[in-house]
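Colleague: Okay, so here is upload27.cif, and as you'll see once you scroll down, it has mmCIF, C-alpha atoms.
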```cif
data_run
loop_
_atom_site.label_atom_id
_atom_site.label_comp_id
_atom_site.auth_asym_id
_atom_site.auth_seq_id
_atom_site.Cartn_x
_atom_site.Cartn_y
_atom_site.Cartn_z
CA MET A 1 0.00 0.00 0.00
CA ASP A 2 1.17 3.55 -0.62
CA ASN A 3 0.34 7.07 0.42
CA SER A 4 -1.83 7.65 -2.66
CA TYR A 5 -4.68 6.21 -0.60
CA ASN A 6 -4.33 9.14 1.78
CA ASN A 7 -4.65 11.64 -1.06
CA PHE A 8 -7.58 9.70 -2.49
CA PHE A 9 -9.51 9.75 0.78
CA LEU A 10 -8.73 13.42 1.41
CA ALA A 11 -9.84 14.46 -2.08
CA ASN A 12 -13.10 12.55 -1.78
CA TYR A 13 -13.73 13.92 1.71
CA ILE A 14 -13.32 17.50 0.48
CA LYS A 15 -15.52 16.80 -2.50
CA ARG A 16 -18.32 15.37 -0.36
CA GLU A 17 -18.06 18.28 2.06
CA LYS A 18 -18.56 20.72 -0.80
CA THR A 19 -21.31 18.93 -2.73
CA GLN A 20 -22.72 16.18 -0.46
CA TYR A 21 -22.88 14.03 -3.57
CA ASP A 22 -20.36 11.78 -5.19
CA PHE A 23 -21.20 11.72 -8.90
CA GLU A 24 -17.99 11.15 -10.81
CA ASP A 25 -18.97 9.87 -14.25
CA LYS A 26 -20.16 12.85 -16.29
CA GLU A 27 -19.52 10.87 -19.44
CA LEU A 28 -22.08 8.27 -18.35
CA PHE A 29 -24.70 10.95 -17.78
CA ASN A 30 -23.88 12.56 -21.13
CA LYS A 31 -24.49 9.24 -22.85
CA THR A 32 -27.77 8.85 -20.97
CA ILE A 33 -28.90 12.34 -21.97
CA THR A 34 -27.91 11.69 -25.58
CA SER A 35 -29.86 8.43 -25.69
CA PHE A 36 -33.00 10.11 -24.30
CA LEU A 37 -32.56 13.02 -26.71
CA PHE A 38 -32.28 10.62 -29.64
CA MET A 39 -35.38 8.76 -28.45
CA HIS A 40 -37.39 11.99 -28.29
CA ILE A 41 -36.32 12.95 -31.80
CA ILE A 42 -37.74 9.62 -33.00
CA LEU A 43 -40.89 10.25 -30.95
CA GLU A 44 -41.25 13.63 -32.64
CA GLY A 45 -41.48 11.84 -35.97
CA ILE A 46 -44.04 9.37 -34.61
CA TYR A 47 -46.17 12.16 -33.13
CA ALA A 48 -46.03 14.04 -36.43
CA TYR A 49 -46.95 10.90 -38.39
CA SER A 50 -49.90 10.37 -36.02
CA TYR A 51 -50.99 14.03 -36.36
CA CYS A 52 -50.93 14.33 -32.56
CA THR A 53 -50.40 18.09 -32.45
CA PRO A 54 -50.28 18.49 -28.62
CA MET A 55 -47.56 15.86 -28.28
CA ILE A 56 -45.54 17.43 -31.09
CA TYR A 57 -45.22 20.64 -29.08
CA ILE A 58 -44.87 18.87 -25.73
CA ASN A 59 -42.10 16.71 -27.14
CA LEU A 60 -40.27 19.77 -28.46
CA VAL A 61 -40.23 21.05 -24.88
CA SER A 62 -38.79 17.69 -23.79
CA ILE A 63 -36.03 17.97 -26.38
CA GLY A 64 -35.24 21.45 -25.08
CA ILE A 65 -35.08 20.12 -21.51
CA TYR A 66 -32.52 17.47 -22.47
CA LEU A 67 -30.41 20.06 -24.26
CA ILE A 68 -30.44 22.11 -21.04
CA GLU A 69 -29.42 18.99 -19.10
CA TYR A 70 -26.09 18.93 -20.95
CA TYR A 71 -25.35 22.25 -19.26
CA PHE A 72 -26.35 21.03 -15.80
CA ASN A 73 -24.20 17.93 -16.22
CA ALA A 74 -21.20 19.93 -17.42
CA THR A 75 -21.47 22.36 -14.50
CA GLY A 76 -21.88 19.62 -11.88
CA HIS A 77 -25.53 20.34 -11.02
CA THR A 78 -26.32 16.64 -11.08
CA ILE A 79 -29.22 16.68 -8.65
CA ILE A 80 -31.02 19.37 -10.66
CA MET A 81 -30.36 17.34 -13.80
CA VAL A 82 -31.80 14.15 -12.29
CA TRP A 83 -34.92 15.83 -10.90
CA LEU A 84 -35.50 17.65 -14.18
CA ALA A 85 -35.29 14.34 -16.03
CA HIS A 86 -37.87 12.82 -13.67
CA PHE A 87 -40.12 15.83 -14.22
CA GLU A 88 -39.86 15.53 -18.02
CA ILE A 89 -40.37 11.77 -18.14
CA TYR A 90 -43.34 11.92 -15.79
CA PHE A 91 -45.26 14.50 -17.81
CA GLN A 92 -44.31 12.80 -21.07
CA ILE A 93 -45.81 9.56 -19.71
CA VAL A 94 -49.03 11.19 -18.50
CA LEU A 95 -49.64 13.42 -21.51
CA ALA A 96 -48.66 10.84 -24.13
CA THR A 97 -50.96 8.29 -22.48
CA TYR A 98 -53.78 10.84 -22.31
CA PHE A 99 -53.54 11.99 -25.92
CA MET A 100 -52.41 8.84 -27.76
CA GLY A 101 -54.03 6.14 -25.67
CA TYR A 102 -53.25 3.63 -22.96
CA LYS A 103 -52.45 0.94 -25.51
CA CYS A 104 -49.31 2.81 -26.63
CA GLY A 105 -47.61 1.68 -23.42
CA PHE A 106 -46.03 4.95 -22.32
CA TRP A 107 -47.10 4.08 -18.77
CA LEU A 108 -44.50 1.29 -18.81
CA TRP A 109 -41.88 3.97 -18.17
CA LEU A 110 -43.23 4.32 -14.64
CA PHE A 111 -41.40 1.11 -13.67
CA PRO A 112 -37.84 2.32 -14.41
CA CYS A 113 -38.79 5.69 -12.91
CA VAL A 114 -39.62 4.06 -9.59
CA PHE A 115 -36.48 1.95 -9.72
CA SER A 116 -34.29 4.96 -10.44
CA VAL A 117 -35.66 6.76 -7.39
CA VAL A 118 -35.02 3.94 -4.96
CA THR A 119 -31.48 3.20 -6.18
CA PRO A 120 -28.98 5.54 -4.49
CA TYR A 121 -26.77 5.71 -7.58
CA PHE A 122 -29.33 7.85 -9.38
CA MET A 123 -30.98 9.59 -6.43
CA PRO A 124 -28.69 9.53 -3.37
CA LEU A 125 -30.65 10.02 -0.19
CA TYR A 126 -28.35 11.71 2.30
CA SER A 127 -30.95 13.57 4.33
CA LYS A 128 -34.41 13.08 5.78
CA VAL A 129 -35.80 15.76 3.47
CA GLN A 130 -34.46 14.03 0.38
CA SER A 131 -35.65 10.66 1.62
CA PHE A 132 -39.12 12.08 2.23
CA SER A 133 -39.12 13.69 -1.23
CA ALA A 134 -38.18 10.40 -2.88
CA ASN A 135 -40.94 8.56 -1.03
CA ILE A 136 -43.43 11.16 -2.24
CA LEU A 137 -42.12 10.72 -5.78
CA VAL A 138 -42.51 6.94 -5.61
CA PHE A 139 -46.05 7.41 -4.28
CA ILE A 140 -46.84 9.76 -7.19
CA TYR A 141 -45.54 7.24 -9.73
CA ILE A 142 -47.56 4.38 -8.25
CA ALA A 143 -50.68 6.54 -7.93
CA THR A 144 -50.24 7.67 -11.54
CA PHE A 145 -50.01 4.07 -12.72
CA ILE A 146 -53.27 3.22 -10.93
CA ALA A 147 -54.96 6.42 -12.13
CA LEU A 148 -54.01 5.92 -15.78
CA TYR A 149 -55.28 2.36 -15.69
CA GLY A 150 -58.52 3.52 -14.06
CA PHE A 151 -59.02 6.33 -16.58
CA HIS A 152 -58.43 3.88 -19.41
CA GLU A 153 -60.89 1.34 -18.07
CA ASN A 154 -63.56 3.99 -17.52
CA GLY A 155 -63.04 5.79 -20.83
CA TYR A 156 -61.74 9.05 -19.38
CA LEU A 157 -58.74 9.33 -21.69
CA SER A 158 -58.88 11.56 -24.77
CA THR A 159 -59.79 9.89 -28.07
CA ARG A 160 -59.25 12.87 -30.37
CA PHE A 161 -55.63 12.02 -31.18
CA LEU A 162 -55.88 8.31 -30.47
CA ALA A 163 -53.18 6.38 -32.33
CA SER A 164 -54.11 3.71 -34.83
CA ASP A 165 -53.90 0.07 -33.80
CA SER A 166 -50.70 -0.47 -35.78
CA ILE A 167 -48.96 2.56 -34.26
CA SER A 168 -50.28 1.66 -30.80
CA ALA A 169 -48.88 -1.85 -31.11
CA PHE A 170 -45.55 -0.54 -32.39
CA LEU A 171 -45.29 1.99 -29.56
CA PHE A 172 -46.33 -0.53 -26.92
CA TYR A 173 -43.68 -3.08 -27.86
CA THR A 174 -41.07 -0.36 -28.35
CA ASN A 175 -41.84 1.23 -24.98
CA ALA A 176 -41.84 -2.18 -23.31
CA LEU A 177 -38.48 -3.07 -24.85
CA ILE A 178 -36.83 0.25 -24.00
CA ALA A 179 -38.36 0.62 -20.52
CA PHE A 180 -37.34 -2.83 -19.37
CA SER A 181 -33.95 -2.51 -21.04
CA VAL A 182 -33.46 0.64 -18.98
CA LEU A 183 -34.44 -1.37 -15.89
CA ILE A 184 -31.74 -3.91 -16.69
CA ILE A 185 -29.18 -1.15 -17.33
CA TYR A 186 -30.12 0.60 -14.07
CA ASN A 187 -29.75 -2.66 -12.18
CA THR A 188 -26.39 -3.42 -13.79
CA ILE A 189 -24.96 0.03 -13.08
CA TYR A 190 -26.33 -0.04 -9.54
CA SER A 191 -24.80 -3.46 -8.88
CA VAL A 192 -21.42 -2.34 -10.21
CA ASN A 193 -21.62 0.81 -8.11
CA ILE A 194 -22.46 -1.18 -4.98
CA LYS A 195 -19.44 -3.41 -5.56
CA GLN A 196 -17.19 -0.40 -6.10
CA ASN A 197 -18.49 1.27 -2.95
CA ALA A 198 -18.03 -1.95 -0.98
CA LYS A 199 -14.45 -2.19 -2.22
CA GLN A 200 -13.77 1.43 -1.30
CA LEU A 201 -15.35 1.00 2.13
CA ASN A 202 -13.25 -2.10 2.69
CA ILE A 203 -10.10 -0.15 1.83
CA MET A 204 -11.13 2.69 4.13
CA ALA A 205 -11.94 0.28 6.96
CA ASN A 206 -8.52 -1.35 6.70
CA THR A 207 -6.39 1.72 6.03
CA ASP A 208 -4.91 4.36 8.27
CA TYR A 209 -6.27 7.67 7.03
CA LEU A 210 -3.07 9.65 7.51
CA THR A 211 -0.33 7.34 6.27
CA GLY A 212 -2.13 5.09 3.80
CA LEU A 213 -0.73 2.02 5.56
CA TYR A 214 -2.89 -0.67 7.13
CA ASN A 215 -4.52 0.43 10.37
CA ARG A 216 -3.88 -1.41 13.63
CA GLN A 217 -6.95 -3.59 13.39
CA HIS A 218 -6.12 -4.85 9.92
CA ILE A 219 -2.37 -5.30 10.34
CA GLN A 220 -3.10 -7.32 13.47
CA LYS A 221 -5.60 -9.43 11.53
CA VAL A 222 -3.05 -9.96 8.74
CA LEU A 223 -0.42 -10.92 11.29
CA TYR A 224 -2.72 -13.48 12.89
CA GLU A 225 -4.12 -14.99 9.69
CA ASP A 226 -1.19 -14.96 7.26
CA ASN A 227 1.47 -16.49 9.49
CA TYR A 228 4.03 -13.69 9.45
CA LYS A 229 7.02 -15.05 11.32
CA ASN A 230 9.12 -11.87 11.65
CA ILE A 231 7.87 -8.60 13.07
CA ALA A 232 9.27 -5.28 14.22
CA ILE A 233 7.58 -2.54 16.20
CA MET A 234 8.97 0.89 15.44
CA ASP A 235 8.63 4.15 17.33
CA VAL A 236 9.65 7.62 16.14
CA ASP A 237 11.96 9.00 18.81
CA HIS A 238 10.83 12.07 20.77
CA PHE A 239 7.87 12.54 18.46
CA LYS A 240 5.92 14.54 21.04
CA ASN A 241 8.71 17.11 21.07
CA ILE A 242 8.38 17.47 17.28
CA ASN A 243 4.65 18.15 17.58
CA ASP A 244 5.15 20.57 20.45
CA LYS A 245 7.95 22.50 18.76
CA TYR A 246 6.91 22.50 15.10
CA GLY A 247 3.20 21.69 15.18
CA HIS A 248 1.12 18.66 14.34
CA LEU A 249 1.11 19.31 10.59
CA LEU A 250 4.85 18.84 10.41
CA GLY A 251 4.51 15.80 12.67
CA ASP A 252 1.93 14.35 10.30
CA HIS A 253 4.29 15.04 7.39
CA VAL A 254 7.06 13.10 9.12
CA LEU A 255 4.76 10.13 9.66
CA THR A 256 3.56 10.08 6.05
CA GLU A 257 7.12 10.30 4.72
CA ILE A 258 8.26 7.48 6.97
CA ALA A 259 5.26 5.45 5.80
CA LYS A 260 6.37 6.00 2.20
CA MET A 261 9.86 4.79 3.02
CA ILE A 262 8.52 1.66 4.69
CA SER A 263 5.91 0.84 2.04
CA SER A 264 8.49 1.15 -0.74
CA ARG A 265 9.94 -2.16 0.45
CA THR A 266 7.90 -4.92 -1.14
CA GLU A 267 9.16 -7.55 1.30
CA ILE A 268 7.63 -5.66 4.23
CA CYS A 269 3.96 -5.62 5.20
CA ALA A 270 3.41 -2.55 7.36
CA GLY A 271 0.72 -0.86 9.36
CA ARG A 272 0.36 2.06 11.72
CA TRP A 273 0.31 0.54 15.17
CA GLY A 274 -0.76 3.71 16.93
CA GLY A 275 0.39 7.32 17.21
CA GLU A 276 4.00 7.38 16.05
CA GLU A 277 4.37 3.59 16.16
CA PHE A 278 4.47 1.28 13.15
CA LEU A 279 4.41 -2.49 12.87
CA LEU A 280 6.49 -4.15 10.15
CA ALA A 281 6.11 -7.83 9.27
CA ASN A 282 7.67 -10.35 6.93
CA LYS A 283 7.00 -14.01 6.27
CA ASP A 284 9.78 -15.05 3.85
CA LEU A 285 13.13 -13.76 5.11
CA ASN A 286 15.14 -15.54 7.73
CA TYR A 287 15.40 -13.61 10.97
CA GLU A 288 18.94 -12.39 10.36
CA ASP A 289 18.08 -10.93 6.95
CA PHE A 290 14.90 -9.41 8.35
CA CYS A 291 16.83 -7.66 11.11
CA HIS A 292 19.34 -6.42 8.55
CA THR A 293 16.48 -4.93 6.51
CA ILE A 294 15.09 -3.25 9.62
CA SER A 295 18.53 -1.80 10.39
CA ILE A 296 18.67 -0.33 6.88
CA ILE A 297 15.26 1.28 7.38
CA CYS A 298 16.43 2.68 10.72
CA ASP A 299 19.49 4.21 9.04
CA GLU A 300 17.45 5.60 6.15
CA ILE A 301 15.12 7.37 8.56
CA SER A 302 17.98 8.92 10.53
CA ASP A 303 19.68 10.08 7.30
CA GLN A 304 16.51 11.59 5.85
CA VAL A 305 15.85 15.34 6.03
CA PHE A 306 12.15 16.00 6.47
CA SER A 307 11.16 19.31 4.89
CA TYR A 308 7.82 20.99 5.41
CA GLU A 309 6.91 24.61 4.68
CA GLY A 310 10.47 25.85 4.99
CA VAL A 311 11.33 23.81 8.06
CA ASP A 312 13.96 21.06 7.80
CA ILE A 313 14.33 18.53 10.58
CA LYS A 314 15.90 15.13 11.14
CA VAL A 315 14.41 12.37 13.26
CA THR A 316 15.47 8.98 14.52
CA SER A 317 13.56 5.83 15.31
CA SER A 318 13.80 2.80 17.56
CA PHE A 319 12.92 -0.78 16.68
CA GLY A 320 12.20 -3.94 18.60
CA THR A 321 12.10 -7.13 16.54
CA ALA A 322 10.96 -10.68 17.20
CA THR A 323 10.62 -13.93 15.30
CA TYR A 324 8.21 -16.78 15.69
CA THR A 325 9.38 -19.84 17.58
CA LYS A 326 7.62 -23.07 18.41
CA ASP A 327 4.57 -22.77 20.68
CA MET A 328 4.65 -18.97 20.39
CA THR A 329 1.32 -17.21 19.88
CA PRO A 330 0.89 -13.97 17.90
CA TYR A 331 0.37 -12.24 21.22
CA ASP A 332 3.71 -13.59 22.47
CA LEU A 333 5.38 -12.39 19.28
CA LEU A 334 3.99 -8.87 19.70
CA LYS A 335 4.87 -8.80 23.38
CA GLU A 336 8.46 -9.80 22.68
CA ALA A 337 8.87 -7.15 19.97
CA ASP A 338 7.33 -4.52 22.24
CA THR A 339 9.67 -5.46 25.08
CA ARG A 340 12.66 -5.08 22.78
CA LEU A 341 11.36 -1.73 21.54
CA TYR A 342 11.29 -0.55 25.14
CA SER A 343 14.85 -1.82 25.50
CA ALA A 344 15.89 0.12 22.38
CA LYS A 345 14.55 3.31 23.96
CA GLN A 346 16.41 2.56 27.15
CA HIS A 347 19.67 2.10 25.23
CA GLY A 348 19.79 5.53 23.63
CA ARG A 349 17.21 5.15 20.84
CA ASN A 350 17.99 5.23 17.09
CA THR A 351 18.76 1.53 17.24
CA VAL A 352 17.38 -1.94 16.58
CA ILE A 353 17.15 -4.48 19.38
CA SER A 354 16.70 -7.98 17.99
CA ALA A 355 17.68 -10.23 20.89
#
```
Please, can you express the file's structure as structure tokens?

Modeller:
Amino acid sequence: MDNSYNNFFLANYIKREKTQYDFEDKELFNKTITSFLFMHIILEGIYAYSYCTPMIYINLVSIGIYLIEYYFNATGHTIIMVWLAHFEIYFQIVLATYFMGYKCGFWLWLFPCVFSVVTPYFMPLYSKVQSFSANILVFIYIATFIALYGFHENGYLSTRFLASDSISAFLFYTNALIAFSVLIIYNTIYSVNIKQNAKQLNIMANTDYLTGLYNRQHIQKVLYEDNYKNIAIMDVDHFKNINDKYGHLLGDHVLTEIAKMISSRTEICAGRWGGEEFLLANKDLNYEDFCHTISIICDEISDQVFSYEGVDIKVTSSFGTATYTKDMTPYDLLKEADTRLYSAKQHGRNTVISA
């Protein structure tokens, strides 16, 4: 693991603080807008062929709305874009059903509309107000479905611009195909998004926010489950003095730079053990080679100049190492390394105690 995780988390945190929403894929939304725009252009031809004058003008408004949505998507006003799309689709469904007839199947679009509201990818519900609004929207869609069916059964729909049987059949099967294809696409995108979010949450749960290394919980789990036989516990010497003298930001910088140095070694699995302490583990090297590697890291840290906002400082570190022996538990291994770390501090620091 490297420190890029830290930058990734920080960037996403700032972004969420500013917008409360995490829509990244503008290209996906552009493709969606384009597909709906293309569909409405085709509908314009069908409405004209059917001499359904009201829908010709209504559909022109819909085309204008989707052209405006390109602007909202480009400027990051995603929530406005999504709600505007729901508004357009809803009135297109109701008015097209009213003027051209129930048999045209425009009401089938109510199904993907409901699904898009209840899937967080398309309508993230981060507040009670938004959750309440979405519930109202779902209620409206369901009530509209029932109302349109009732109006159709009782002959309340307009018959002036009623489509012919052939056009009605064509529109019904086309609407059914597109509406349920959209349902499948929604479900696919939502599933992929859930997996991506789960992966990101897993990384966040296992990673130390500051350094990008494993956090204590996960490095301990790795140590227990993956049979690491060599470990070292490291402590940055006099770290409190660094924070007190130069401030916590410089202290954080020192920790992140040390984390980079440690994580650059592929043979070492490392995690932040707590505060200024790190745990380093290895399963392949013999103990002598492992201790030699730890000594090199210790020297690299003491030779490094840590620069931050015009301040240059040098730090040292102390290490206590241990290796697994027969009948030793992971707890025993950690205890032995911790005891040797304490011994390293007692013997002047900036050293590695391995026995």

Colleague: Give me, as a list in words, all polymer residues having an atom no more than 9 Å from Ser295 in chain A, counting all atoms listed in the file and skipping those fewer than 5 positions away in the same chain.

Modeller: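 Residues near the query, excluding close chain neighbours: Phe290, Glu300, Phe319, Thr351 and Val352 of chain A.
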
Colleague: Record the distance separating CA of Ser62 in chain A and CA of Glu88 in chain A, expressed in Å with one decimal.

Modeller: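 So the answer is 6.3 Å.
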
Colleague: Check which residues satisfy the PyMOL selection byres ((chain A and resi 217) around 10) in the file shown, then give them as a PyMOL selection string.

Modeller: chain A and resi 205-208+214-216+218-222+271-273

Colleague: Quick check, in Å to one decimal: how far apart do CA of Tyr47 in chain A and CA of Leu60 in chain A lie?

Modeller: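 These atoms are spaced 10.7 Å apart.
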
Colleague: Which residues fall under the PyMOL selection byres ((chain A and resi 143-145) around 12) in this file, as a ChimeraX atom specification?

Modeller: /A:90-91,93-95,97-98,102,105-111,113-114,136-142,146-152

Colleague: What separation in Å, quoted to one decimal, exists between CA of Tyr186 in chain A and CA of Tyr66 in chain A?

Modeller: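 Distance between the two atoms: 19.0 Å.
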
Colleague: What lies within 12 Å of Ala322 in chain A using all atoms listed in the file, ignoring chain neighbours under 6 positions off, as a ChimeraX atom specification?

Modeller: /A:228-234,279-282,286-288,290-291,294,328-341,352-355

Colleague: I'd like the contact shell of range 31-34 of chain A - 10 Å cut-off, all atoms listed in the file, skipping same-chain residues fewer than 6 positions apart - returned as a PyMOL selection string.

Modeller: chain A and resi 40+65-70+73+81+85

Colleague: Point out the residue among A:Phe87, A:Ala96, A:Ala259, A:Met39 with the least atom-to-atom distance to Cys52 in chain A, counting only C-alpha atoms.

Modeller: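 Closest candidate: A:Ala96.
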
Colleague: With distances taken over all atoms listed in the file, which of A:Ile185, A:Thr211, A:Arg160, A:Trp83 is nearest to Ser133 in chain A?

Modeller: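 Result for the nearest residue to Ser133 in chain A: A:Trp83.
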
Colleague: Can you give me, as a list in words, the residues this file yields under the PyMOL selection byres ((chain A and resi 313-318) around 8)?

Modeller: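 Applied to this file, the PyMOL selection byres ((chain A and resi 313-318) around 8) selects Met234, Asp235, Val236, Asp237, Cys298, Ile301, Ser302, Asp303, Gln304, Val305, Phe306, Ser307, Val311, Asp312, Phe319, Gly320, Leu341, Ala344, Lys345, Arg349, Asn350, Thr351 and Val352 of chain A.
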
Colleague: Name the closest residue to Cys269 in chain A among the candidates A:Ile296, A:Ile242, A:Ala48, A:Leu223; distances are taken between atoms, counting all atoms listed in the file.

Modeller: A:Leu223

Colleague: Counting all atoms listed in the file, figure out which residue out of A:Asn59, A:Asn30, A:Thr325, A:Thr293 gets nearest to Glu44 in chain A.

Modeller: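 Using all atoms listed in the file, Glu44 in chain A sits closest to A:Asn59.
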
Colleague: Between A:Ser35, A:Asn135, A:Asn197, A:Lys103, which is the closest to Glu153 in chain A once you count only C-alpha atoms?

Modeller: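 Under the stated criterion, the closest residue is A:Lys103.
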